[in-house]
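Before any comments, here is the structure.
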Amino acid sequence: MHSSIVGARIRQTRRAIGLTQAELARRIGISPSYLNLIEWNKRRIAGSLLRKIADALQLPLDEFEGTQETQLMEALAGLAHHPLLRTLDVESDRINELIGRFPGWARALGKLAGSERDATARVQILSDQLSNDPYLSETVHRMLTRIAAVRSSTEILTEYADLPDERRGRFNHIVHEEIETLSEVGEALATYLERSDHSDRILTPVDEVEALYEARNNHFQELEDAAQPLSDLLDDSEPLSRLQKAGSLAQHHLADVIDRVIESQPQIKTAAARSRARRALSNYGVRSILMPLASFAKRSAESLYDIEVLAEQFSSGIEAVCLRLTALPRSDSVPHFGYFRANAAGTIIAMLGLEGLSVPRYAAACPLWVLYRAQQSPEAVIRQRVLFPSGDRFVFVARARRAGPSGFGKPRHYITDMLALKEEDAKLTVYDPEPSATVEEVGPSCRMCPRMSCLHRVEDPLAE
Amino acid sequence: MAKRVLLAEDEPNIVESLTFLLERAGFEVAVKTDGRRALDTVLDDTPDLLILDVMLPELSGYEVLRHLRADQRSASLPVLMLTAKGQRADRETALECGADRFITKPFSNADVMAAVKELLNGNAA
């Protein structure tokens, strides 16, 4: 907990019950000048002394402890930098005092800030969805495929009068079968559109799978446990055949574990999300066979999370290493990674989010991100130190890799993988920027960004 | 000798009707239901025409086509692409990848057969 909040709270409570500094100091057995330092946040305080003060002021100790106030402080700091409040000269340097003196008002402001943030994010998701909903486009694709089969079979039935009975029966059967499926797809689509009214619903199958990963902090211990013995079955063959072997081991030995994970998670509600989650977890399993957790965690720490070193040590691709890094179990000594993948058109085609980093899923992010610039220098690992309008600092590490075949004179296509981590986490890694490294001012996306004078702005912010 | 058509499509009911139509028109038809196997088959024993769906498991139709065009054995193989997405961007991607013709689902049988015959005659000439 922040000592500055504790100091203000002590001072406030002492005055409220009419105690002088000297009297309180006497009761708890310290000098008045030392209490004065504590009250004005010049000395940190904890343990038995804090307990004594709490007793003397008849305050429950948890008034001073816990993370609630730290969270509140972060929420209010975010609010102080809100683009809409920029011109109001909010005293962002006196947040501690506000929380200490007016805890109720501070909590009320924190609550309002949270609901405002949620509402803005929701508006953005909904407006992006109208144009780019992956579930909708997948469903339309399925419907068109079914209609194609019906149309083709019907044409055969009407145009080939000489069709033998058996064949005729077969095409009739196809038409019935496809129309039945078509009704099911149509019904699912109607239900999906109906549910759009509920504000608490999870939006698409993609969202459901993301919620699953979020609930598990991208880490699935039961899969790690099941993959561990399978790793020993891989020999030192060529990387490609190792990958194939790991794929078939995962298929044969991890399917049950994966099904159990999916069944046990309330986030996965629809059949579409179940099959998507199954694919994602099966790839997770393959990676945990190729890069077993214990040795991957050890070598990550040894190499300071250098993705190129790890890719070489585990004969794996950069993409797989990046995804594996996001799955490291959370601890204070391990940096927490987010992952983004973009194609040449700038669309984010895969992501595992990072706390505090807001990214539009269905629309392009800020063009200034190295995620997009990396394609100018393929295969090179590029680091970017960024500052968001909220004041949050991150380090981005991106590398573009060739996708698909190529040859002389043929077009080359690239996909970019990018890791994101908080700047303080970057200190644990080889990507820690030197203090003099350029800080680039970026945003989440134009719609969420208050930098009105940015040369790269393409849309007005939603909040204005 | 009958011309050989390879059909790379993973929807069984579409496979059934297209196979019927092609065989009725006197072609010899082989079917592959994923992109990887379709690619291997073409490189191993190039047919006279490939009908290629875009959304295939393992390797998408686009990827199959890029591989094929990069390989001498199949660089000039006539390819008819099928897809359920009729947007312009998809058409452009297909043509960029080297498709000779592009037909969107739901198609009419007559359109598919006309394209097949046209592509095979062009090749024979």
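In the structure tokens, each chain is lettered A, B, ... as it comes, each chain's residues begin at 1, and ligands are numbered from 1 in order of appearance.
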Per-residue nearest contacts chain B to chain A, cut-off 12 Å, using only C-alpha atoms, as a tab-separated table:
residue	atom	partner	partner_atom	distance
B:Glu9	CA	A:Thr145	CA	11.2
B:Asp10	CA	A:Thr145	CA	10.7
B:Glu11	CA	A:Thr145	CA	8.1
B:Pro12	CA	A:Ala149	CA	9.1
B:Asn13	CA	A:Ala149	CA	6.0
B:Ile14	CA	A:Ala149	CA	5.1
B:Val15	CA	A:Ala149	CA	8.8
B:Glu16	CA	A:Phe171	CA	8.6
B:Ser17	CA	A:Ser153	CA	6.0
B:Leu18	CA	A:Ser152	CA	8.0
B:Thr19	CA	A:Ser152	CA	11.2
B:Phe20	CA	A:Ile156	CA	8.8
B:Leu21	CA	A:Ile156	CA	8.0
B:Leu22	CA	A:Ile156	CA	11.8
B:Arg24	CA	A:Tyr160	CA	10.1
B:Asp53	CA	A:Thr145	CA	10.8
B:Val54	CA	A:His141	CA	11.4
B:Met55	CA	A:His141	CA	9.7
B:Leu59	CA	A:Gly404	CA	9.7
B:Ser60	CA	A:Gly404	CA	10.3
B:Gly61	CA	A:Gly404	CA	11.7
B:Tyr62	CA	A:Gly404	CA	9.4
B:Glu63	CA	A:Gly404	CA	6.4
B:Val64	CA	A:Gly404	CA	9.1
B:Leu65	CA	A:Pro405	CA	9.9
B:Arg66	CA	A:Pro405	CA	6.6
B:His67	CA	A:Pro405	CA	5.8
B:Leu68	CA	A:Pro405	CA	9.4
B:Arg69	CA	A:Lys410	CA	9.0
B:Ala70	CA	A:Gly407	CA	6.6
B:Asp71	CA	A:Gly407	CA	9.1
B:Gln72	CA	A:Gly407	CA	11.3
B:Ala75	CA	A:Lys410	CA	11.9
B:Leu82	CA	A:Thr145	CA	10.3
B:Thr83	CA	A:Thr145	CA	8.4
B:Ala84	CA	A:His141	CA	5.7
B:Lys85	CA	A:His141	CA	6.5
B:Gly86	CA	A:His141	CA	9.7
B:Gln87	CA	A:His141	CA	11.4
B:Ala89	CA	A:Ala345	CA	11.4
B:Glu96	CA	A:Pro411	CA	9.5
B:Cys97	CA	A:Pro411	CA	9.2
B:Gly98	CA	A:Lys410	CA	11.0
B:Ile103	CA	A:Ala148	CA	11.4
B:Thr104	CA	A:Ala148	CA	9.1
B:Lys105	CA	A:Ala148	CA	5.4
B:Pro106	CA	A:Ala148	CA	3.8
B:Phe107	CA	A:Ala148	CA	6.1
B:Ser108	CA	A:Ser152	CA	6.4
B:Asn109	CA	A:Ser152	CA	5.9
B:Ala110	CA	A:Glu155	CA	9.2
B:Asp111	CA	A:Ser152	CA	10.8
B:Val112	CA	A:Ser152	CA	10.1
B:Met113	CA	A:Ser152	CA	11.6
message = Quick one: residues within 8 Å of A:Val359, only C-alpha atoms, excluding same-chain residues fewer than 5 positions away - as a list of chain:residue names?
response = A:Ala365, A:Pro444, A:Ser445
Those residues with C-alpha atoms, as an mmCIF file, in the first residue's frame please?
data_model
loop_
_atom_site.group_PDB
_atom_site.id
_atom_site.type_symbol
_atom_site.label_atom_id
_atom_site.label_comp_id
_atom_site.auth_asym_id
_atom_site.auth_seq_id
_atom_site.Cartn_x
_atom_site.Cartn_y
_atom_site.Cartn_z
ATOM 1 C CA ALA A 365 -4.648 -0.445 -34.057
ATOM 2 C CA PRO A 444 -4.542 2.289 -28.883
ATOM 3 C CA SER A 445 -6.314 3.266 -32.130
#
request  = Would you list the contacts of B:Val116 as JSON, numbers by chain, taking every protein, DNA or RNA residue within 12 Å and counting only C-alpha atoms, but skipping same-chain residues closer than 5 positions in sequence?
outcome  = {"B": [3, 4, 5, 6, 7, 18, 21, 22, 25, 26, 27, 48, 49, 50, 51, 52, 78, 79, 80, 81, 82, 100, 101, 102, 103, 109, 110, 111, 121, 122, 123]}
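The space separating atom CA of A:Gln12 from atom CA of A:Ser115 comes to 28.9 Å.
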Do a neighbour search on A:Gln221 at 12 Å with only C-alpha atoms, toss out local chain neighbours closer than 6 positions, and write the hits as a short mmCIF file (atom, residue, chain, number, x, y, z; two decimals) with C-alpha atoms, in the first residue's frame.
data_model
loop_
_atom_site.label_atom_id
_atom_site.label_comp_id
_atom_site.auth_asym_id
_atom_site.auth_seq_id
_atom_site.Cartn_x
_atom_site.Cartn_y
_atom_site.Cartn_z
CA ALA A 227 2.62 -32.99 -22.19
CA GLN A 228 5.67 -33.46 -19.95
CA VAL A 257 -7.34 -33.43 -21.24
CA ILE A 258 -8.32 -30.67 -23.66
CA VAL A 261 -10.47 -28.20 -19.75
CA LEU A 281 -5.51 -25.84 -26.96
CA TYR A 284 -0.89 -25.19 -27.04
CA GLY A 285 -0.31 -28.89 -26.35
CA SER A 288 4.28 -27.70 -24.59
CA PRO A 292 8.48 -28.48 -22.01
CA LEU A 293 7.60 -25.94 -19.35
CA ALA A 294 10.42 -26.54 -16.86
CA ALA A 327 1.94 -19.14 -21.12
CA LEU A 328 4.67 -18.89 -18.46
CA PRO A 329 3.04 -19.14 -15.01
CA ARG A 330 2.61 -15.74 -13.39
#
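Here atom CA of A:Ala398 is placed at a distance of 6.4 Å from atom CA of A:Val370.
Atom CA of A:Gln384 to atom CA of A:Trp369 spans 7.9 Å [interatomic distance, one decimal].
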